[in-house]
Amino acid sequence: MWIDPSRPAERALVTHGHADHARSGHGAVWATPETLAIMALRYGTEMGTPVAYGDGFEERGVKISFHPAGHVLGSAQILLEHAGERVVVTGDYKRRADPTCALFEPVPCDVLITEATFGLPVFTHPPITGEIAKLLDAREANSDGCVVVGAYALGKAQRVIAELRRAGYDAPIYIHGAMQKMCELYEAHGVALGELVMATGLAKGALKGAIVVAPPSALNDRWARRLPDPVTAMASGWMRVRQRARQKNVELPLVISDHADWNELTETLLELRPSETWITHGRTDALGRWCELHQLKARALDLVGREDEDEG
Amino acid sequence: MERFAALIDGLVYTRSRDTKIRLIADYLRDAPDPDRGWALAALAGTLSIATVKSTAIRAMADERFDPALFRMSRDYVGDTAETVALMWDQLPHLAGTTPPTLGEVIDLLKNASRARAPSLLAELMDRLDADGRYALLKLASGGMRVGISARLAKTAFAQAFNLSVDDVEEVWHALRPPYAELFAWGEGKTERPDPSETAFFRPFMLAHPLDDGTVDLADFAAEWKWDGIRIQIASTGIETRLFSRGGDEVSGAFPEIAAAFKGIGVVDGELLVRGEVQGGEAASFNALQQRLGRKTVTAAMQAEYPVFVRLYDILFDGAEDLRAQPWHQRRSRIEAFAATLDPVRFDLSAIIEARDFDHLAEIRGGSRDAAIEGVMLKRRDAPYLAGRKVGLWYKWKREPLVADCVMMYAQRGSGKRSSYYSDYTFGCWGEDGNLLPVGKAYSGFSDEELKWLDRFVRNNTVARFGPVREVEKSLVLEVAFDAVHESKRHKSGIAMRFPRISRLRRDKPADEADRVETLKSMIG
């Protein structure tokens with residue numbers, strides 16, 4: 001039995017729906033109902049056994065249960081219990097409140113297998129309210145044009161939209177065609193996104209003063225030519241570093257991440273105090289060094305087939 | 001300080017020149033004194049408070065952070081100041097501190113001893129957020145590096161207060177940061193400051209292209225157009241300043257010229273490198289270009305490329321303003337003026353003696369000196385006027401050289417062109433039958449042609465290297481350029497001067513494109 005296998009496996013436990021964790025072609029799949037729905041949307045006829053948060057099952061003497069990870073809709077940590085020893089695989093997680101998914105729950109354990117996407121002390125994600133305010137200010141200042149926000153189609157896009165609604169923005173939000181189905185899926189799972197309009201096929205003038213949400217890959221590409229005088233924004237934890245934002249031609253960097261920042265990573269370790277920590281998925285060296293300084297036993301677990309930059 | 005930090009951030013992320021000007025102008029209009037004056041100085045490069053060396057910033061980091069964690073972070077971020085600014089969030093902060101103003105920061109830094117500076121800096125850092133800390137560290141170590149020239153900063157100031165940038169330019173060098181008098185004048189509270197004691201920039205007179213027209217040499221004088229750097233020298237006898245085409249001061253880049261200029265007045269000329277022919281070596285422009293951006297130059301650089309100025313015109317002789325006088329009168333004044341200058345550093349651009357226009361065309365066609373870009377035609381009765389005025393000065397460039405090259409790589413443009421592959425690297429055939437890159441161009445084609453080129457790149461990509469696409473070597477581009485010279489930096493051994501795409505040769509097979517050898521034979 002594998003967790004988030006990068007190749008087709010007979011039996012797979014899947015933490016969440018992002019493509020580098022949920023691949024297609026597995027035999028049997030166990031995941032949260034939301035994650036299974038996302039996989040079905042992306043891969044067609046994916047079947048699997050739903051496991052709700054807090055629920056579990058037993059497999060060859062190992063008790064397996066799923067717990068909220070706070071990363072995207074349906075994202076889970078997986079707890080493995082055997083002979084009194086508890087191992088938690090965090091998958092991708094964050095600890096901030098997010099209107100589009102359940103809040104992370106710390107799960108006491110002996111071994112913690114943690115992600116470390118933003119495992120450098122330069123990464124502190126600011127409160128999202130300030131970043132959303134920047135976005136609204138930019139829209140106001142560019143009323144003759146529009147603001148286009150690059151956001152990963154699963155999770156980030158819906159979170160940005162939901163946070164805009166929470167800030168009182170109730171005008172229609174325009175979305176790229178590639179996001180439509182995923183937004184519908186979120187709505188069907190009770191995440192209210194307000195009025196969404198497809199940005200495709202509209203007259204240029206219709207988008208004046210609008211906020212448009214699109215996948216990052218569409219920002220500097222042909223698709224964006226239809227937009228009237230756009231300010232290019234990007235919602236990503238990587239936007240904290242100036243040169244990163246400039247490389248991607250971003251004019252309005254929004255530091256909005258669905259991953260734990262350095263403080264969340266380290267505070268979670270101090271809170272759980274596992275007897276051993278395995279670090280995967282990202283900047284393993286710096287978090288390993290921090291563990292060493294805090295006398296926590298840790299080692300890096302290198303995984304193949306991981307792309308760390310796209311969904312920050 | 002937060003507003004200044006936000007301005008710096010905005011400038012970092014903005015590519016459009018007009019937007020940069022608007023951002024700066026908005027700030028200068030709204031921010032309080034003396035903050036805005038210090039900000040203007042920081043942007044224009046006239047603020048010197050380099051109290052902190054970058055080694056001190058590193059030392060500050062080592063004291064507060066684990067060196068291994070700092071090194072890993074620095075490697076990722078790529079900039080020491082930014083790394084420290086970002087990591088500072090990890091330190092315990094005093095609650096309820098108020099951020100310092102820009103004026104307060106400058107006052108403290110200016111008055112701090114070198115020993116006290118690091119701890120002062122740390123105290124200021126504690127009171128700021130990440131963006132504020134970044135701006136602070138850049139200020140304290142000297143150099144904002146946000147891609148703003150002094151001229152652009154002055155343009156923004158002029159825009160903020162509805163002034164002409166030339167008026168601002170005239171008073172600029174008479175004033176010092178934080179420019180209280182400048183802002184008072186801008187807001188209409190005081191008279192214009194009096195610049196008469198200082199050497200300041202006067203806008204250049206510029207030429208229109210002659211294209212296919214002709215002129216009567218009875219009305220126009222002809223002289224060579226030299227391929228160096230247009231320069232203005234202004235001296236009051238007490239101070240001498242050099243200005244580039246855009247009005248940026250470049251005295252520091254060419255100190256030997258400023259030191260050798262013993263006249264009083266304002267003259268217009270071309271900066272060139274001394275070579276075996278009168279016009280200087282073919283490498284003039286490149287060698288000078290490298291020095292242009294520097295604040296100081298080494299003795300070795302001065303020795304390697306001995307520079308001099310070839311004088312075209314005179315605007316002021318002593319305090320006497322000659323700009324309203326006709327060209328022929330200014331010409332006799334500059335001839336007399338030039339005779340008093342050090343001949344090692346200054347000479348006079350000669351008048352071309354031609355019987356008539358056809359004769360001039362013949363002389364122009366026969367000029368082989370690489371330092372000659374073409375011919376200038378100046379109306380004999382024209383005054384010296386700022387900018388480009390119709391009918392007074394014409395530039396008649398040499399016919400461009402052309403070569404058929406093959407597109408090799410393409411890269412996306414910036415701004416409005418960021419979704420188009422609009423920057424092309426092209427090559428010619430080397431001796432071993434491989435294509436060698438010979439230049440890069442991003443102009444010369446129509447919007448329709450750009451759409452076609454963009455499609456061609458997307459449909460013929462064979463490899464990607466970050467933002468660069470390598471394309472199928474099948475498209476021939478006719479490239480026009482002003483000159484070609486030797487270059488050790490390029491594998492092909494040559495570099496083109498001002499290459500642009502003149503035609504798309506979709507009809508021509510790639511193997512019939514030109515050879516590198518052919519280009520080498522064009523080295524003038």
# chains A, B, ... in the order shown; residues from 1 in each chain; ligands from 1

$ closest_atom_pairs --of "chain B" --to "chain A" --cutoff "6 Å" --atoms "only C-alpha atoms" --output "tab-separated table"
residue	atom	partner	partner_atom	distance
B:Tyr13	CA	A:Glu251	CA	4.8
B:Thr14	CA	A:Glu251	CA	5.9
B:Leu69	CA	A:Ala286	CA	5.9
B:Leu86	CA	A:Val122	CA	5.0
B:Met87	CA	A:Val122	CA	4.7
B:Ser418	CA	A:Asn220	CA	5.9
B:Ser419	CA	A:Asp221	CA	4.6

$ residues_around --residues "Leu13 of chain A" --least-positions-apart "5" --cutoff "7 Å" --atoms "only C-alpha atoms" --output "list of chain:residue names"
A:Trp2, A:Ile3, A:Asp4, A:Val29, A:Trp30, A:Ala31

$ write_last_selection --atoms "C-alpha atoms" --output "PDB file, in the first residue's frame"
ATOM      1  CA  TRP A   2       1.390   3.402  -1.047  1.00  0.00           C
ATOM      2  CA  ILE A   3       0.738   7.010  -0.090  1.00  0.00           C
ATOM      3  CA  ASP A   4       0.524   9.470  -3.015  1.00  0.00           C
ATOM      4  CA  VAL A  29      -7.781   4.214  -4.033  1.00  0.00           C
ATOM      5  CA  TRP A  30      -8.613   5.444  -0.520  1.00  0.00           C
ATOM      6  CA  ALA A  31      -9.158   9.180  -0.112  1.00  0.00           C
TER       7      ALA A  31
END

$ residues_around --residues "Val266 of chain B" --least-positions-apart "2" --cutoff "6 Å" --atoms "only C-alpha atoms" --output "list in words"
Ile233, Ala234, Leu315 and Phe316 of chain B

$ closest_residue --among "B:Val267, B:Val297, B:Ala361, B:Ala112" --to "Ile334 of chain B" --atoms "only C-alpha atoms"
B:Val267

$ residues_around --residues "Val146 of chain B" --least-positions-apart "2" --cutoff "12 Å" --atoms "only C-alpha atoms" --output "PyMOL selection string"
(chain A and resi 242+246) or (chain B and resi 5+7-15+17+20+24+42-45+135+138-139+143-144+148-150+152-153)

$ write_last_selection --atoms "C-alpha atoms" --output "PDB file, in the first residue's frame"
ATOM      1  CA  ARG A 242      11.205  39.898  -5.542  1.00  0.00           C
ATOM      2  CA  ARG A 246      10.020  39.725 -11.701  1.00  0.00           C
TER       3      ARG A 246
ATOM      4  CA  ALA B   5       9.095  51.375   0.571  1.00  0.00           C
ATOM      5  CA  LEU B   7       7.132  53.271  -4.040  1.00  0.00           C
ATOM      6  CA  ILE B   8      10.356  51.276  -4.353  1.00  0.00           C
ATOM      7  CA  ASP B   9       8.352  48.067  -4.552  1.00  0.00           C
ATOM      8  CA  GLY B  10       6.061  49.512  -7.182  1.00  0.00           C
ATOM      9  CA  LEU B  11       9.067  50.560  -9.261  1.00  0.00           C
ATOM     10  CA  VAL B  12      10.623  47.104  -8.944  1.00  0.00           C
ATOM     11  CA  TYR B  13       7.548  45.462 -10.448  1.00  0.00           C
ATOM     12  CA  THR B  14       6.649  48.064 -13.074  1.00  0.00           C
ATOM     13  CA  ARG B  15       8.076  47.821 -16.541  1.00  0.00           C
ATOM     14  CA  ARG B  17       8.210  53.969 -18.212  1.00  0.00           C
ATOM     15  CA  LYS B  20       7.062  54.521 -13.294  1.00  0.00           C
ATOM     16  CA  ILE B  24       7.065  58.687  -8.616  1.00  0.00           C
ATOM     17  CA  ALA B  42      17.748  58.465  -3.676  1.00  0.00           C
ATOM     18  CA  LEU B  43      16.102  57.903  -7.062  1.00  0.00           C
ATOM     19  CA  ALA B  44      18.214  60.462  -8.915  1.00  0.00           C
ATOM     20  CA  GLY B  45      21.408  59.050  -7.408  1.00  0.00           C
ATOM     21  CA  ALA B 135      14.229  49.788   1.268  1.00  0.00           C
ATOM     22  CA  LYS B 138      19.240  49.467   0.005  1.00  0.00           C
ATOM     23  CA  LEU B 139      19.325  53.090   1.175  1.00  0.00           C
ATOM     24  CA  GLY B 143      22.093  52.374  -4.551  1.00  0.00           C
ATOM     25  CA  MET B 144      18.410  51.600  -4.907  1.00  0.00           C
ATOM     26  CA  ILE B 148      15.449  54.869 -12.610  1.00  0.00           C
ATOM     27  CA  SER B 149      17.786  57.362 -14.260  1.00  0.00           C
ATOM     28  CA  ALA B 150      18.324  60.853 -12.901  1.00  0.00           C
ATOM     29  CA  LEU B 152      13.525  60.009 -15.296  1.00  0.00           C
ATOM     30  CA  ALA B 153      13.354  61.186 -11.679  1.00  0.00           C
TER      31      ALA B 153
END

$ select_by_dssp --residues "segment 222-373 of chain B" --states "helix (DSSP H, G or I)" --output "PyMOL selection string"
chain B and resi 251-253+255-260+284-292+299-304+327-339+357-366

$ atom_distance --atom1 "atom CA of Leu109 of chain B" --atom2 "atom CA of Asp66 of chain B"
26.9 Å

$ residues_around --residues "Asp482 of chain B" --least-positions-apart "4" --cutoff "9 Å" --atoms "only C-alpha atoms" --output "list in words"
Glu373, Lys397, Arg398, Glu399, Pro400, Leu401, Val402, Met496, Arg497, Phe498 and Pro499 of chain B

$ write_last_selection --atoms "N, CA and C atoms" --output "PDB file, in the first residue's frame"
ATOM      1  N   GLU B 373      28.875  57.511 -39.096  1.00  0.00           N
ATOM      2  CA  GLU B 373      27.563  56.912 -39.190  1.00  0.00           C
ATOM      3  C   GLU B 373      26.812  57.440 -40.398  1.00  0.00           C
ATOM      4  N   LYS B 397      21.945  58.992 -42.770  1.00  0.00           N
ATOM      5  CA  LYS B 397      22.796  57.860 -42.417  1.00  0.00           C
ATOM      6  C   LYS B 397      23.281  57.139 -43.657  1.00  0.00           C
ATOM      7  N   ARG B 398      24.401  56.460 -43.507  1.00  0.00           N
ATOM      8  CA  ARG B 398      24.870  55.617 -44.598  1.00  0.00           C
ATOM      9  C   ARG B 398      23.825  54.557 -44.880  1.00  0.00           C
ATOM     10  N   GLU B 399      23.765  54.076 -46.131  1.00  0.00           N
ATOM     11  CA  GLU B 399      22.859  52.984 -46.446  1.00  0.00           C
ATOM     12  C   GLU B 399      23.169  51.836 -45.489  1.00  0.00           C
ATOM     13  N   PRO B 400      22.127  51.229 -44.908  1.00  0.00           N
ATOM     14  CA  PRO B 400      22.443  50.121 -44.015  1.00  0.00           C
ATOM     15  C   PRO B 400      23.013  48.949 -44.795  1.00  0.00           C
ATOM     16  N   LEU B 401      23.808  48.173 -44.096  1.00  0.00           N
ATOM     17  CA  LEU B 401      24.282  46.921 -44.657  1.00  0.00           C
ATOM     18  C   LEU B 401      23.189  45.884 -44.425  1.00  0.00           C
ATOM     19  N   VAL B 402      23.101  44.889 -45.258  1.00  0.00           N
ATOM     20  CA  VAL B 402      22.132  43.829 -45.003  1.00  0.00           C
ATOM     21  C   VAL B 402      22.773  42.464 -45.144  1.00  0.00           C
ATOM     22  N   MET B 496      27.118  43.085 -34.544  1.00  0.00           N
ATOM     23  CA  MET B 496      26.454  44.059 -35.420  1.00  0.00           C
ATOM     24  C   MET B 496      26.088  45.287 -34.614  1.00  0.00           C
ATOM     25  N   ARG B 497      26.101  46.441 -35.317  1.00  0.00           N
ATOM     26  CA  ARG B 497      25.671  47.679 -34.680  1.00  0.00           C
ATOM     27  C   ARG B 497      24.248  47.948 -35.138  1.00  0.00           C
ATOM     28  N   PHE B 498      23.317  48.049 -34.176  1.00  0.00           N
ATOM     29  CA  PHE B 498      21.911  48.352 -34.419  1.00  0.00           C
ATOM     30  C   PHE B 498      21.253  47.453 -35.473  1.00  0.00           C
ATOM     31  N   PRO B 499      21.244  46.153 -35.237  1.00  0.00           N
ATOM     32  CA  PRO B 499      20.576  45.274 -36.198  1.00  0.00           C
ATOM     33  C   PRO B 499      19.049  45.345 -36.076  1.00  0.00           C
TER      34      PRO B 499
END

$ closest_residue --among "B:Trp396, B:Phe481, B:Tyr442, B:Phe65" --to "Tyr421 of chain B" --atoms "only C-alpha atoms"
B:Tyr442

$ closest_residue --among "B:Pro193, B:Pro209, B:Gly186, B:Pro99" --to "Val171 of chain B" --atoms "only C-alpha atoms"
B:Pro193

$ residues_around --residues "Asp404 of chain B" --least-positions-apart "6" --cutoff "7 Å" --atoms "only C-alpha atoms" --output "PyMOL selection string"
chain B and resi 476-479+513-514

$ residues_around --residues "Cys428 of chain B" --least-positions-apart "2" --cutoff "9 Å" --atoms "only C-alpha atoms" --output "list in words"
Ala403, Asp404, Cys405, Val406, Phe426, Gly430, Asn434, Leu435, Leu436, Pro437, Val438, Ser492, Ala513, Asp514, Arg515, Val516, Glu517 and Leu519 of chain B

$ write_last_selection --atoms "N, CA and C atoms" --output "PDB file, in the first residue's frame"
ATOM      1  N   ALA B 403      22.213  41.506 -44.447  1.00  0.00           N
ATOM      2  CA  ALA B 403      22.658  40.125 -44.573  1.00  0.00           C
ATOM      3  C   ALA B 403      21.449  39.220 -44.394  1.00  0.00           C
ATOM      4  N   ASP B 404      21.488  38.083 -45.040  1.00  0.00           N
ATOM      5  CA  ASP B 404      20.438  37.090 -44.842  1.00  0.00           C
ATOM      6  C   ASP B 404      20.884  36.138 -43.740  1.00  0.00           C
ATOM      7  N   CYS B 405      20.095  36.068 -42.673  1.00  0.00           N
ATOM      8  CA  CYS B 405      20.450  35.261 -41.517  1.00  0.00           C
ATOM      9  C   CYS B 405      19.327  34.273 -41.230  1.00  0.00           C
ATOM     10  N   VAL B 406      19.613  33.299 -40.401  1.00  0.00           N
ATOM     11  CA  VAL B 406      18.615  32.275 -40.084  1.00  0.00           C
ATOM     12  C   VAL B 406      18.200  32.421 -38.620  1.00  0.00           C
ATOM     13  N   PHE B 426      19.653  35.423 -34.381  1.00  0.00           N
ATOM     14  CA  PHE B 426      19.818  34.812 -35.696  1.00  0.00           C
ATOM     15  C   PHE B 426      21.293  34.538 -35.947  1.00  0.00           C
ATOM     16  N   GLY B 430      28.880  29.123 -40.368  1.00  0.00           N
ATOM     17  CA  GLY B 430      30.314  29.139 -40.092  1.00  0.00           C
ATOM     18  C   GLY B 430      31.050  28.214 -41.046  1.00  0.00           C
ATOM     19  N   ASN B 434      28.099  24.884 -39.485  1.00  0.00           N
ATOM     20  CA  ASN B 434      27.114  25.114 -38.430  1.00  0.00           C
ATOM     21  C   ASN B 434      26.720  26.578 -38.390  1.00  0.00           C
ATOM     22  N   LEU B 435      25.510  26.807 -37.905  1.00  0.00           N
ATOM     23  CA  LEU B 435      25.076  28.193 -37.741  1.00  0.00           C
ATOM     24  C   LEU B 435      25.702  28.776 -36.487  1.00  0.00           C
ATOM     25  N   LEU B 436      26.217  30.001 -36.580  1.00  0.00           N
ATOM     26  CA  LEU B 436      26.748  30.701 -35.408  1.00  0.00           C
ATOM     27  C   LEU B 436      25.910  31.960 -35.203  1.00  0.00           C
ATOM     28  N   PRO B 437      25.482  32.217 -33.962  1.00  0.00           N
ATOM     29  CA  PRO B 437      24.694  33.439 -33.740  1.00  0.00           C
ATOM     30  C   PRO B 437      25.525  34.678 -34.081  1.00  0.00           C
ATOM     31  N   VAL B 438      24.922  35.629 -34.791  1.00  0.00           N
ATOM     32  CA  VAL B 438      25.633  36.862 -35.132  1.00  0.00           C
ATOM     33  C   VAL B 438      24.930  38.102 -34.597  1.00  0.00           C
ATOM     34  N   SER B 492      30.979  33.931 -32.983  1.00  0.00           N
ATOM     35  CA  SER B 492      31.161  34.190 -34.407  1.00  0.00           C
ATOM     36  C   SER B 492      32.302  35.174 -34.653  1.00  0.00           C
ATOM     37  N   ALA B 513      21.399  31.218 -46.850  1.00  0.00           N
ATOM     38  CA  ALA B 513      21.669  32.411 -46.030  1.00  0.00           C
ATOM     39  C   ALA B 513      23.163  32.732 -46.081  1.00  0.00           C
ATOM     40  N   ASP B 514      23.525  33.931 -45.597  1.00  0.00           N
ATOM     41  CA  ASP B 514      24.918  34.368 -45.693  1.00  0.00           C
ATOM     42  C   ASP B 514      25.835  33.598 -44.743  1.00  0.00           C
ATOM     43  N   ARG B 515      27.146  33.681 -45.063  1.00  0.00           N
ATOM     44  CA  ARG B 515      28.158  33.030 -44.241  1.00  0.00           C
ATOM     45  C   ARG B 515      28.803  34.067 -43.318  1.00  0.00           C
ATOM     46  N   VAL B 516      29.317  33.602 -42.196  1.00  0.00           N
ATOM     47  CA  VAL B 516      29.979  34.498 -41.247  1.00  0.00           C
ATOM     48  C   VAL B 516      31.127  35.231 -41.942  1.00  0.00           C
ATOM     49  N   GLU B 517      31.828  34.519 -42.842  1.00  0.00           N
ATOM     50  CA  GLU B 517      32.953  35.113 -43.588  1.00  0.00           C
ATOM     51  C   GLU B 517      32.520  36.370 -44.343  1.00  0.00           C
ATOM     52  N   LEU B 519      30.126  38.395 -43.561  1.00  0.00           N
ATOM     53  CA  LEU B 519      29.949  39.488 -42.604  1.00  0.00           C
ATOM     54  C   LEU B 519      31.301  40.062 -42.190  1.00  0.00           C
TER      55      LEU B 519
END

$ select_by_dssp --residues "segment 73-310 of chain B" --states "strand (DSSP E)" --output "ChimeraX atom specification"
/B:205-206,208-209,220-226,229-235,240-244,265-273,307-310

$ write_last_selection --atoms "N, CA and C atoms" --output "mmCIF file, in the first residue's frame"
data_model
loop_
_atom_site.group_PDB
_atom_site.id
_atom_site.type_symbol
_atom_site.label_atom_id
_atom_site.label_comp_id
_atom_site.auth_asym_id
_atom_site.auth_seq_id
_atom_site.Cartn_x
_atom_site.Cartn_y
_atom_site.Cartn_z
ATOM 1 N N MET B 205 19.874 69.896 -29.366
ATOM 2 C CA MET B 205 19.152 70.021 -30.634
ATOM 3 C C MET B 205 19.336 68.711 -31.384
ATOM 4 N N LEU B 206 18.252 68.193 -31.943
ATOM 5 C CA LEU B 206 18.284 66.883 -32.590
ATOM 6 C C LEU B 206 17.859 66.992 -34.047
ATOM 7 N N HIS B 208 16.126 65.282 -37.762
ATOM 8 C CA HIS B 208 15.201 64.345 -38.398
ATOM 9 C C HIS B 208 15.960 63.524 -39.433
ATOM 10 N N PRO B 209 15.501 62.323 -39.728
ATOM 11 C CA PRO B 209 16.132 61.583 -40.836
ATOM 12 C C PRO B 209 15.807 62.252 -42.174
ATOM 13 N N PHE B 220 22.284 74.665 -46.593
ATOM 14 C CA PHE B 220 22.683 73.695 -45.566
ATOM 15 C C PHE B 220 24.181 73.426 -45.594
ATOM 16 N N ALA B 221 24.763 73.325 -44.429
ATOM 17 C CA ALA B 221 26.155 72.882 -44.314
ATOM 18 C C ALA B 221 26.159 71.396 -43.995
ATOM 19 N N ALA B 222 27.187 70.685 -44.449
ATOM 20 C CA ALA B 222 27.268 69.247 -44.203
ATOM 21 C C ALA B 222 28.475 68.944 -43.319
ATOM 22 N N GLU B 223 28.294 68.071 -42.341
ATOM 23 C CA GLU B 223 29.442 67.558 -41.594
ATOM 24 C C GLU B 223 29.202 66.081 -41.308
ATOM 25 N N TRP B 224 30.246 65.380 -40.907
ATOM 26 C CA TRP B 224 30.096 63.950 -40.632
ATOM 27 C C TRP B 224 29.284 63.735 -39.356
ATOM 28 N N LYS B 225 28.537 62.616 -39.383
ATOM 29 C CA LYS B 225 27.853 62.179 -38.157
ATOM 30 C C LYS B 225 28.716 61.073 -37.571
ATOM 31 N N TRP B 226 29.300 61.345 -36.399
ATOM 32 C CA TRP B 226 30.261 60.407 -35.809
ATOM 33 C C TRP B 226 29.567 59.393 -34.909
ATOM 34 N N ILE B 229 29.405 58.887 -28.645
ATOM 35 C CA ILE B 229 28.339 59.237 -27.713
ATOM 36 C C ILE B 229 28.196 60.745 -27.693
ATOM 37 N N ARG B 230 27.016 61.212 -28.004
ATOM 38 C CA ARG B 230 26.732 62.655 -28.004
ATOM 39 C C ARG B 230 26.884 63.166 -26.574
ATOM 40 N N ILE B 231 27.556 64.280 -26.441
ATOM 41 C CA ILE B 231 27.844 64.750 -25.090
ATOM 42 C C ILE B 231 27.789 66.273 -25.022
ATOM 43 N N GLN B 232 27.375 66.788 -23.875
ATOM 44 C CA GLN B 232 27.385 68.232 -23.653
ATOM 45 C C GLN B 232 28.335 68.527 -22.497
ATOM 46 N N ILE B 233 29.183 69.520 -22.679
ATOM 47 C CA ILE B 233 30.073 69.924 -21.603
ATOM 48 C C ILE B 233 29.648 71.311 -21.155
ATOM 49 N N ALA B 234 29.399 71.451 -19.857
ATOM 50 C CA ALA B 234 29.017 72.757 -19.317
ATOM 51 C C ALA B 234 30.002 73.120 -18.222
ATOM 52 N N SER B 235 30.562 74.321 -18.303
ATOM 53 C CA SER B 235 31.525 74.727 -17.291
ATOM 54 C C SER B 235 31.318 76.182 -16.897
ATOM 55 N N THR B 240 32.818 71.818 -13.779
ATOM 56 C CA THR B 240 32.579 71.355 -15.137
ATOM 57 C C THR B 240 31.778 70.062 -15.065
ATOM 58 N N ARG B 241 30.715 69.987 -15.843
ATOM 59 C CA ARG B 241 29.908 68.767 -15.847
ATOM 60 C C ARG B 241 29.684 68.278 -17.266
ATOM 61 N N LEU B 242 29.597 66.944 -17.391
ATOM 62 C CA LEU B 242 29.332 66.317 -18.681
ATOM 63 C C LEU B 242 27.936 65.704 -18.631
ATOM 64 N N PHE B 243 27.197 65.861 -19.720
ATOM 65 C CA PHE B 243 25.843 65.305 -19.756
ATOM 66 C C PHE B 243 25.651 64.457 -21.004
ATOM 67 N N SER B 244 24.919 63.356 -20.851
ATOM 68 C CA SER B 244 24.617 62.493 -21.993
ATOM 69 C C SER B 244 23.364 62.994 -22.696
ATOM 70 N N GLY B 265 31.713 77.927 -20.572
ATOM 71 C CA GLY B 265 30.631 77.929 -21.546
ATOM 72 C C GLY B 265 29.985 76.563 -21.643
ATOM 73 N N VAL B 266 29.192 76.398 -22.703
ATOM 74 C CA VAL B 266 28.509 75.120 -22.922
ATOM 75 C C VAL B 266 28.712 74.712 -24.374
ATOM 76 N N VAL B 267 29.250 73.516 -24.593
ATOM 77 C CA VAL B 267 29.490 73.044 -25.963
ATOM 78 C C VAL B 267 28.847 71.680 -26.178
ATOM 79 N N ASP B 268 28.654 71.362 -27.473
ATOM 80 C CA ASP B 268 27.978 70.143 -27.899
ATOM 81 C C ASP B 268 28.967 69.372 -28.764
ATOM 82 N N GLY B 269 29.141 68.083 -28.502
ATOM 83 C CA GLY B 269 30.095 67.332 -29.304
ATOM 84 C C GLY B 269 29.867 65.837 -29.218
ATOM 85 N N GLU B 270 30.821 65.081 -29.755
ATOM 86 C CA GLU B 270 30.718 63.627 -29.774
ATOM 87 C C GLU B 270 31.943 63.049 -29.071
ATOM 88 N N LEU B 271 31.687 62.175 -28.127
ATOM 89 C CA LEU B 271 32.767 61.521 -27.406
ATOM 90 C C LEU B 271 33.240 60.327 -28.215
ATOM 91 N N LEU B 272 34.552 60.250 -28.478
ATOM 92 C CA LEU B 272 35.098 59.177 -29.310
ATOM 93 C C LEU B 272 36.367 58.631 -28.675
ATOM 94 N N VAL B 273 36.774 57.466 -29.158
ATOM 95 C CA VAL B 273 38.031 56.892 -28.689
ATOM 96 C C VAL B 273 39.092 57.157 -29.751
ATOM 97 N N VAL B 307 40.002 58.765 -24.593
ATOM 98 C CA VAL B 307 38.820 59.416 -25.149
ATOM 99 C C VAL B 307 39.097 60.880 -25.467
ATOM 100 N N PHE B 308 38.341 61.385 -26.432
ATOM 101 C CA PHE B 308 38.389 62.807 -26.739
ATOM 102 C C PHE B 308 37.015 63.230 -27.240
ATOM 103 N N VAL B 309 36.808 64.535 -27.316
ATOM 104 C CA VAL B 309 35.520 65.054 -27.761
ATOM 105 C C VAL B 309 35.698 65.821 -29.068
ATOM 106 N N ARG B 310 34.887 65.432 -30.043
ATOM 107 C CA ARG B 310 34.895 66.166 -31.313
ATOM 108 C C ARG B 310 33.738 67.162 -31.269
#
